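Asks: Contents of input-v2.tsv (TSV, C-alpha atoms) are below:
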chain	number	residue	atom	x	y	z
A	2	VAL	CA	44.36	-100.04	-47.70
A	3	HIS	CA	46.50	-100.04	-44.58
A	4	GLY	CA	47.19	-103.76	-44.22
A	5	ILE	CA	46.55	-103.70	-40.46
A	6	SER	CA	44.85	-106.81	-39.10
A	7	ASP	CA	42.91	-107.31	-35.86
A	8	ALA	CA	45.88	-109.31	-34.54
A	9	ASP	CA	48.19	-106.32	-35.17
A	10	VAL	CA	46.18	-104.13	-32.79
A	11	ALA	CA	45.00	-106.76	-30.29
A	12	ASP	CA	47.33	-105.46	-27.57
A	13	ALA	CA	47.05	-101.77	-28.49
A	14	PRO	CA	45.59	-99.38	-25.92
A	15	GLU	CA	42.00	-98.14	-26.30
A	16	LEU	CA	41.51	-94.70	-27.86
A	17	VAL	CA	40.01	-93.33	-24.66
A	18	ASP	CA	43.19	-94.31	-22.77
A	19	VAL	CA	45.49	-92.73	-25.35
A	20	LEU	CA	43.52	-89.47	-25.25
A	21	ALA	CA	43.14	-89.42	-21.45
A	22	PRO	CA	46.08	-87.00	-20.89
A	23	LEU	CA	44.20	-84.41	-22.98
A	24	ALA	CA	40.85	-84.83	-21.20
A	25	GLY	CA	39.45	-81.43	-20.26
A	26	GLU	CA	42.10	-79.55	-22.23
A	27	GLU	CA	41.02	-77.31	-25.10
A	28	VAL	CA	42.55	-78.71	-28.29
A	29	ILE	CA	42.77	-77.79	-31.94
A	30	VAL	CA	42.70	-80.91	-34.09
A	31	MET	CA	44.71	-80.94	-37.31
A	32	GLY	CA	44.76	-83.68	-39.92
A	33	HIS	CA	44.06	-84.71	-43.48
A	34	ASN	CA	40.31	-85.24	-44.00
A	35	ILE	CA	39.72	-84.05	-40.45
A	36	GLY	CA	36.04	-84.99	-40.46
A	37	PHE	CA	37.03	-88.65	-40.22
A	38	ASP	CA	39.31	-88.00	-37.24
A	39	LEU	CA	36.79	-85.80	-35.47
A	40	ARG	CA	34.16	-88.54	-35.59
A	41	LEU	CA	36.59	-90.73	-33.65
A	42	VAL	CA	37.97	-88.29	-31.10
A	43	SER	CA	35.49	-85.43	-30.61
A	44	HIS	CA	33.53	-87.13	-27.83
A	45	HIS	CA	36.81	-87.70	-25.92
A	46	LEU	CA	38.26	-84.21	-26.37
A	47	LYS	CA	37.23	-80.59	-25.91
A	48	VAL	CA	37.76	-79.53	-29.55
A	49	VAL	CA	37.86	-75.74	-29.92
A	50	GLY	CA	39.20	-75.63	-33.47
A	51	GLN	CA	40.15	-77.72	-36.44
A	52	LEU	CA	42.44	-77.49	-39.41
A	53	CYS	CA	41.95	-79.82	-42.35
A	54	THR	CA	44.92	-80.13	-44.68
A	55	LEU	CA	42.69	-81.81	-47.28
A	56	ALA	CA	40.42	-78.75	-47.46
A	57	LEU	CA	43.44	-76.44	-47.64
A	58	ALA	CA	45.09	-78.54	-50.33
A	59	ARG	CA	41.90	-78.56	-52.43
A	60	GLN	CA	41.84	-74.79	-52.18
A	61	PHE	CA	45.52	-74.04	-52.78
A	62	VAL	CA	47.41	-77.00	-54.32
A	63	THR	CA	45.48	-76.99	-57.58
A	64	ASP	CA	48.29	-78.38	-59.74
A	65	SER	CA	48.41	-81.79	-58.02
A	66	ALA	CA	46.89	-84.86	-59.70
A	67	ASN	CA	44.65	-85.30	-56.64
A	68	CYS	CA	44.64	-84.40	-52.97
A	69	LYS	CA	45.36	-87.79	-51.45
A	70	LEU	CA	47.93	-87.40	-48.71
A	71	SER	CA	50.47	-89.67	-50.43
A	72	THR	CA	50.06	-87.82	-53.75
A	73	LEU	CA	50.55	-84.45	-52.04
A	74	GLN	CA	53.55	-85.78	-50.12
A	75	GLU	CA	55.24	-86.65	-53.41
A	76	HIS	CA	54.01	-83.56	-55.29
A	77	CYS	CA	55.32	-81.19	-52.60
A	78	GLY	CA	58.63	-83.04	-52.12
A	79	LEU	CA	57.90	-83.92	-48.50
A	80	PRO	CA	59.72	-86.70	-46.61
A	81	ASN	CA	58.47	-90.19	-47.45
A	82	LEU	CA	57.00	-91.49	-44.21
A	83	GLU	CA	55.07	-94.68	-43.62
A	84	ALA	CA	51.71	-94.10	-45.34
A	85	HIS	CA	48.43	-95.35	-43.86
A	86	ARG	CA	49.95	-95.55	-40.39
A	87	ALA	CA	48.79	-93.07	-37.75
A	88	LEU	CA	52.18	-91.60	-36.93
A	89	GLY	CA	53.42	-91.49	-40.54
A	90	ASP	CA	50.20	-89.85	-41.77
A	91	ALA	CA	50.18	-87.40	-38.84
A	92	PHE	CA	53.72	-86.23	-39.60
A	93	THR	CA	52.99	-86.08	-43.34
A	94	ALA	CA	49.89	-83.94	-42.67
A	95	LEU	CA	51.96	-81.68	-40.40
A	96	ASN	CA	54.70	-81.36	-43.04
A	97	LEU	CA	52.06	-80.62	-45.68
A	98	LEU	CA	50.51	-77.94	-43.47
A	99	ARG	CA	53.91	-76.31	-42.89
A	100	TRP	CA	54.66	-76.48	-46.65
A	101	MET	CA	51.34	-74.81	-47.56
A	102	LEU	CA	51.70	-72.12	-44.89
A	103	VAL	CA	55.10	-71.12	-46.26
A	104	ARG	CA	54.37	-71.66	-49.98
A	105	TYR	CA	51.12	-69.71	-50.01
A	106	GLY	CA	51.87	-67.18	-47.26
A	107	LEU	CA	49.09	-68.48	-45.04
A	108	THR	CA	48.73	-67.98	-41.32
A	109	LEU	CA	47.69	-70.78	-39.01
A	110	GLN	CA	45.19	-68.73	-37.02
A	111	THR	CA	43.49	-67.36	-40.16
A	112	HIS	CA	42.81	-70.84	-41.44
A	113	ILE	CA	41.70	-72.26	-38.12
A	114	LYS	CA	39.22	-69.37	-37.93
A	115	ARG	CA	38.21	-69.83	-41.58
A	116	GLN	CA	37.39	-73.48	-41.02
A	117	GLU	CA	34.97	-72.63	-38.20
A	118	LEU	CA	32.33	-72.01	-40.86
A	119	PRO	CA	31.87	-74.00	-44.06
A	120	ARG	CA	32.23	-72.22	-47.39
A	121	MET	CA	30.32	-72.69	-50.60
A	122	LEU	CA	32.30	-74.50	-53.30
A	123	HIS	CA	31.76	-73.71	-56.97
A	124	VAL	CA	33.83	-76.46	-58.54
A	125	MET	CA	33.70	-80.18	-57.79
A	126	PRO	CA	36.99	-80.95	-56.00
A	127	TYR	CA	37.39	-84.65	-56.90
A	128	GLY	CA	35.90	-87.76	-58.46
A	129	LYS	CA	34.61	-88.34	-61.95
A	130	HIS	CA	33.19	-84.80	-62.06
A	131	LYS	CA	36.36	-83.10	-60.78
A	132	GLY	CA	36.72	-79.60	-62.21
A	133	LYS	CA	33.08	-79.23	-63.25
A	134	LEU	CA	30.90	-76.52	-61.80
A	135	ILE	CA	29.02	-78.15	-58.95
A	136	THR	CA	25.75	-77.00	-60.49
A	137	GLN	CA	26.66	-79.10	-63.57
A	138	VAL	CA	27.23	-82.27	-61.53
A	139	PRO	CA	24.16	-84.50	-61.98
A	140	ARG	CA	21.67	-84.19	-59.13
A	141	LEU	CA	21.60	-87.97	-58.51
A	142	TYR	CA	25.39	-88.01	-58.12
A	143	ARG	CA	25.24	-85.10	-55.65
A	144	GLN	CA	22.56	-86.94	-53.65
A	145	TRP	CA	24.63	-90.12	-53.69
A	146	LEU	CA	27.65	-88.21	-52.36
A	147	LEU	CA	25.62	-86.78	-49.50
A	148	GLY	CA	24.43	-90.25	-48.56
A	149	ALA	CA	27.90	-91.77	-48.84
A	150	GLY	CA	29.22	-89.61	-45.97
A	151	ASN	CA	32.87	-88.87	-45.20
A	152	LEU	CA	32.66	-85.46	-46.92
A	153	ASP	CA	34.59	-82.43	-45.79
A	154	GLN	CA	32.44	-79.70	-44.31
A	155	ASP	CA	32.67	-77.43	-47.37
A	156	LEU	CA	31.45	-80.06	-49.83
A	157	ARG	CA	28.72	-81.26	-47.46
A	158	TYR	CA	27.54	-77.66	-46.94
A	159	THR	CA	27.54	-76.98	-50.69
A	160	LEU	CA	25.64	-80.15	-51.58
A	161	LYS	CA	23.04	-79.51	-48.89
A	162	LYS	CA	22.51	-75.96	-50.11
A	163	LEU	CA	22.05	-77.21	-53.69
A	164	GLU	CA	19.67	-79.92	-52.50
A	165	ASN	CA	17.33	-77.23	-51.18
A	166	LEU	CA	17.17	-75.32	-54.48
Have the structure of the file written as structure tokens, please.
Replies:
Amino acid sequence: VHGISDADVADAPELVDVLAPLAGEEVIVMGHNIGFDLRLVSHHLKVVGQLCTLALARQFVTDSANCKLSTLQEHCGLPNLEAHRALGDAFTALNLLRWMLVRYGLTLQTHIKRQELPRMLHVMPYGKHKGKLITQVPRLYRQWLLGAGNLDQDLRYTLKKLENL
């Protein structure tokens, strides 16, 4: 996907060294599909909040073909930065967040607070069952998704609730 080889990062600093200046500081982590990023950085940082642009886009940008960062970048008319590179994706996620805050009259603090607790989804946000009521998505597919991991907190919460019914 990203075309980065082991040789490309052989001389790169370790994550713990890059994050060292933030050690002990309370931070709010923002990104696209933040669950992925949190798995990498949460044991190095004191995370007190999170803001996932993927979750926000799934909730608000309903007229996009999908909610991949590159699709949203084009759909929203954001600057074309280097995709699948940390800095390019970070700036694209920031630009997307700013665009959604203005476009939909959102406030940053409201959405940081809102993402503290997962919410129940009613419609499948992506994949071959996109747009269907989650209760109409086949049980085996829902179980497979739970096992596959890398789900945002809202979808994970919803699937786990349905699993217990």
Asks: Using all atoms listed in the file for the distances, tell me which of A:Leu97, A:Ala66, A:Val28, A:Val17 is nearest to A:His45.
Replies: A:Val17
Asks: Closest to A:Asp153 among A:Lys47, A:Arg86, A:His112, A:Arg120, using all atoms listed in the file?
Replies: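 Going through A:Lys47, A:Arg86, A:His112, A:Arg120 one by one, the smallest distance to A:Asp153 is for A:Arg120.
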Asks: Between A:Leu122, A:Leu46, A:Leu95, A:Leu57, single out the one closest to A:Leu107, counting all atoms listed in the file.
Replies: A:Leu57
Asks: Just give me the residues with any atom within 12 Å of (24.1, -80.6, -57.7), file coordinates, counting all atoms listed in the file, written as an MDAnalysis selection string.
Replies: chainID A and resid 122:125 130 133:147 156:166
Asks: Rounded to one decimal in Å, what is the spacing between atom CA of A:Asp7 and atom CA of A:His85?
Replies: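 Atom-to-atom, atom CA of A:Asp7 to atom CA of A:His85, that is 15.4 Å.
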Asks: So what do you get for atom CA of A:Val30 versus atom CA of A:Phe92, distance-wise?
Replies: 13.4 Å
Asks: Could you jot down the atom CA of A:Leu73 to atom CA of A:Ala58 separation for me, Å, one decimal place?
Replies: 8.2 Å
